[in-house]
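Engineer: Can you read through this structure? Questions will come right after.
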Amino acid sequence: MTSTLQAGASTDTGLLRTRNEDRFWMNAEDGVFLVVDGMGGQVAGELAAQTAVEAVRESMAGSCAARAAEVRLRDAIACANNRIFALGAERAELAGMACVLTLALLEEGRITVGHVGD
């Protein structure tokens with residue numbers, strides 16, 4: 001018997017903010033799920049979150065399935081961190097931007113989760 005994975009996502013600004021700095025990305029076919037929370041009240045939280053999504057998506061797309069899931073997640077998260085840090089270093093007005101990131105990979109009935117932030 002083959003099971004089918006169904007996935008969905010939604011975000012909300014909540015009661016205190018006027019801008020939604022949350023982002024998500026998923027590739028259910030490949031079992032990749034990402035949730036990013038831009039740090040509200042901090043510098044450019046929405047840009048940090050979007051940058052993280054783009055970096056993780058690119059990293060996971062180029063990731064070799066032969067490598068361990070833990071390594072692929074660690075590399076994708078490091079890629080996002082490095083890109084956000086580089087943007088902050090290049091543009092003074094973006095220094096200090098940050099986000100919280102959770103990345104999950106579902107393969108062969110096993111889920112591996114990587115998380116950075118509070």
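Following the order of the structure tokens, chains are lettered A, B, ..., residues in each are numbered from 1, and ligands are numbered from 1.
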Mind checking which residues fall within 9 Å of Leu101 in chain A, counting only C-alpha atoms, ignoring those fewer than 2 positions away in the same chain, and posting them as a count of residues only?

Structural biologist: 14

Engineer: For the strand (DSSP E) assignment from backbone DSSP, which residues of chain A qualify? Please present them as a PyMOL selection string.

Structural biologist: chain A and resi 22-27+32-38+99-107+110-116

Engineer: Measuring atom to atom with only C-alpha atoms, identify which of A:Ala44, A:Ala98, A:Leu105, A:Ala92 is nearest to Leu73 in chain A.

Structural biologist: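 Looking at the shortest contact to Leu73 in chain A, the residue is A:Leu105.
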
Engineer: Which one of A:Thr13, A:Thr18, A:Thr102, A:Asn27 sits closest to Glu58 in chain A if you count only C-alpha atoms?

Structural biologist: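 Of the candidates, the smallest distance to Glu58 in chain A is held by A:Asn27.
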
Engineer: Within 12 Å of Gly62 in chain A, counting only C-alpha atoms, which residues qualify if same-chain residues fewer than 5 places away don't, as a ChimeraX atom specification?

Structural biologist: /A:55-57,67,72,75-76,79

Engineer: Just to be explicit: take each residue in the selection above, keep C-alpha atoms, and write the result as a short mmCIF file (atom, residue, chain, number, x, y, z; two decimals), in the first residue's frame.

Structural biologist:
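The file below, again_24.cif, is the result:
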data_model
loop_
_atom_site.label_atom_id
_atom_site.label_comp_id
_atom_site.auth_asym_id
_atom_site.auth_seq_id
_atom_site.Cartn_x
_atom_site.Cartn_y
_atom_site.Cartn_z
CA ALA A 55 19.24 30.04 0.10
CA VAL A 56 17.69 26.85 1.50
CA ARG A 57 15.72 26.19 -1.68
CA ARG A 67 24.84 12.55 1.53
CA ARG A 72 22.32 18.31 3.82
CA ASP A 75 24.72 22.77 4.83
CA ALA A 76 21.42 24.41 3.79
CA CYS A 79 24.15 28.65 3.47
#

Engineer: Just the number, please: distance in Å from CA of Val43 in chain A to CA of Gly88 in chain A, one decimal.

Structural biologist: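 Those two atoms sit 9.7 Å apart.
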
Engineer: Among chain A, which ones does DSSP assign to alpha helix (DSSP H) (computed from the backbone)? Answer as a ChimeraX atom specification.

Structural biologist: /A:45-61,69-90

Engineer: Filtering to N, CA and C atoms, could you give me those residues as a short mmCIF file (atom, residue, chain, number, x, y, z; two decimals), in the first residue's frame?

Structural biologist:
data_model
loop_
_atom_site.label_atom_id
_atom_site.label_comp_id
_atom_site.auth_asym_id
_atom_site.auth_seq_id
_atom_site.Cartn_x
_atom_site.Cartn_y
_atom_site.Cartn_z
N GLY A 45 13.62 42.02 9.10
CA GLY A 45 13.26 40.63 9.38
C GLY A 45 12.67 39.93 8.17
N GLU A 46 11.85 40.66 7.40
CA GLU A 46 11.24 40.04 6.23
C GLU A 46 12.27 39.72 5.16
N LEU A 47 13.31 40.56 5.03
CA LEU A 47 14.37 40.29 4.06
C LEU A 47 15.21 39.11 4.51
N ALA A 48 15.49 39.03 5.80
CA ALA A 48 16.24 37.89 6.32
C ALA A 48 15.47 36.60 6.06
N ALA A 49 14.16 36.61 6.29
CA ALA A 49 13.35 35.41 6.09
C ALA A 49 13.32 35.01 4.62
N GLN A 50 13.12 35.97 3.72
CA GLN A 50 13.08 35.66 2.30
C GLN A 50 14.43 35.18 1.80
N THR A 51 15.49 35.78 2.29
CA THR A 51 16.85 35.37 1.92
C THR A 51 17.10 33.93 2.37
N ALA A 52 16.64 33.59 3.57
CA ALA A 52 16.80 32.23 4.07
C ALA A 52 16.06 31.23 3.19
N VAL A 53 14.83 31.56 2.80
CA VAL A 53 14.05 30.66 1.94
C VAL A 53 14.79 30.43 0.62
N GLU A 54 15.26 31.49 0.00
CA GLU A 54 15.95 31.35 -1.28
C GLU A 54 17.22 30.53 -1.15
N ALA A 55 17.99 30.77 -0.09
CA ALA A 55 19.24 30.04 0.10
C ALA A 55 18.99 28.56 0.37
N VAL A 56 18.00 28.26 1.20
CA VAL A 56 17.69 26.85 1.50
C VAL A 56 17.16 26.15 0.26
N ARG A 57 16.28 26.79 -0.47
CA ARG A 57 15.72 26.19 -1.68
C ARG A 57 16.84 25.86 -2.68
N GLU A 58 17.75 26.78 -2.89
CA GLU A 58 18.87 26.54 -3.80
C GLU A 58 19.78 25.44 -3.29
N SER A 59 20.07 25.47 -2.01
CA SER A 59 20.97 24.47 -1.42
C SER A 59 20.37 23.07 -1.49
N MET A 60 19.09 22.95 -1.17
CA MET A 60 18.44 21.64 -1.19
C MET A 60 18.28 21.12 -2.62
N ALA A 61 18.07 22.02 -3.57
CA ALA A 61 17.93 21.60 -4.97
C ALA A 61 19.25 21.06 -5.50
N ALA A 69 21.13 13.00 5.50
CA ALA A 69 20.14 14.06 5.68
C ALA A 69 20.65 15.14 6.61
N GLU A 70 21.31 14.75 7.71
CA GLU A 70 21.82 15.72 8.68
C GLU A 70 22.81 16.68 8.04
N VAL A 71 23.64 16.16 7.17
CA VAL A 71 24.65 16.98 6.50
C VAL A 71 23.98 17.94 5.53
N ARG A 72 23.01 17.45 4.78
CA ARG A 72 22.32 18.31 3.82
C ARG A 72 21.57 19.43 4.52
N LEU A 73 20.92 19.13 5.65
CA LEU A 73 20.22 20.18 6.40
C LEU A 73 21.20 21.18 6.97
N ARG A 74 22.28 20.68 7.56
CA ARG A 74 23.29 21.57 8.15
C ARG A 74 23.87 22.50 7.09
N ASP A 75 24.16 21.96 5.91
CA ASP A 75 24.72 22.77 4.83
C ASP A 75 23.72 23.83 4.36
N ALA A 76 22.45 23.46 4.23
CA ALA A 76 21.42 24.41 3.79
C ALA A 76 21.24 25.54 4.80
N ILE A 77 21.23 25.19 6.07
CA ILE A 77 21.08 26.21 7.12
C ILE A 77 22.30 27.12 7.16
N ALA A 78 23.49 26.54 7.03
CA ALA A 78 24.71 27.36 7.00
C ALA A 78 24.72 28.29 5.80
N CYS A 79 24.24 27.82 4.67
CA CYS A 79 24.15 28.65 3.47
C CYS A 79 23.24 29.85 3.72
N ALA A 80 22.08 29.61 4.33
CA ALA A 80 21.15 30.70 4.65
C ALA A 80 21.80 31.69 5.61
N ASN A 81 22.43 31.18 6.64
CA ASN A 81 23.08 32.04 7.63
C ASN A 81 24.16 32.90 6.98
N ASN A 82 24.98 32.28 6.17
CA ASN A 82 26.07 33.01 5.52
C ASN A 82 25.56 34.09 4.58
N ARG A 83 24.49 33.79 3.87
CA ARG A 83 23.94 34.78 2.93
C ARG A 83 23.34 35.96 3.69
N ILE A 84 22.62 35.70 4.77
CA ILE A 84 22.04 36.77 5.58
C ILE A 84 23.15 37.62 6.20
N PHE A 85 24.16 36.97 6.73
CA PHE A 85 25.28 37.70 7.34
C PHE A 85 25.99 38.56 6.29
N ALA A 86 26.19 38.02 5.09
CA ALA A 86 26.87 38.77 4.03
C ALA A 86 26.06 40.00 3.63
N LEU A 87 24.74 39.87 3.53
CA LEU A 87 23.90 41.03 3.20
C LEU A 87 24.04 42.12 4.26
N GLY A 88 24.04 41.71 5.52
CA GLY A 88 24.20 42.67 6.61
C GLY A 88 25.56 43.34 6.60
N ALA A 89 26.58 42.60 6.19
CA ALA A 89 27.93 43.16 6.11
C ALA A 89 28.09 44.12 4.93
N GLU A 90 27.37 43.84 3.84
CA GLU A 90 27.46 44.68 2.65
C GLU A 90 26.70 45.99 2.79
#

Engineer: Just the number, please: distance in Å from CA of Met26 in chain A to CA of Leu94 in chain A, one decimal.

Structural biologist: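 Separation of CA of Met26 in chain A and CA of Leu94 in chain A: 26.6 Å.
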
Engineer: Mind pulling up the distance from CA of Glu21 in chain A to CA of Ala7 in chain A?

Structural biologist: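 Computing it gives 21.1 Å between the two atoms.
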
Engineer: Let me make sure I understand: among A:Ala9, A:Ala104, A:Ile111, A:Ala68, which one has the smallest atom-to-atom distance to Val32 in chain A if we use only C-alpha atoms?

Structural biologist: A:Ala104
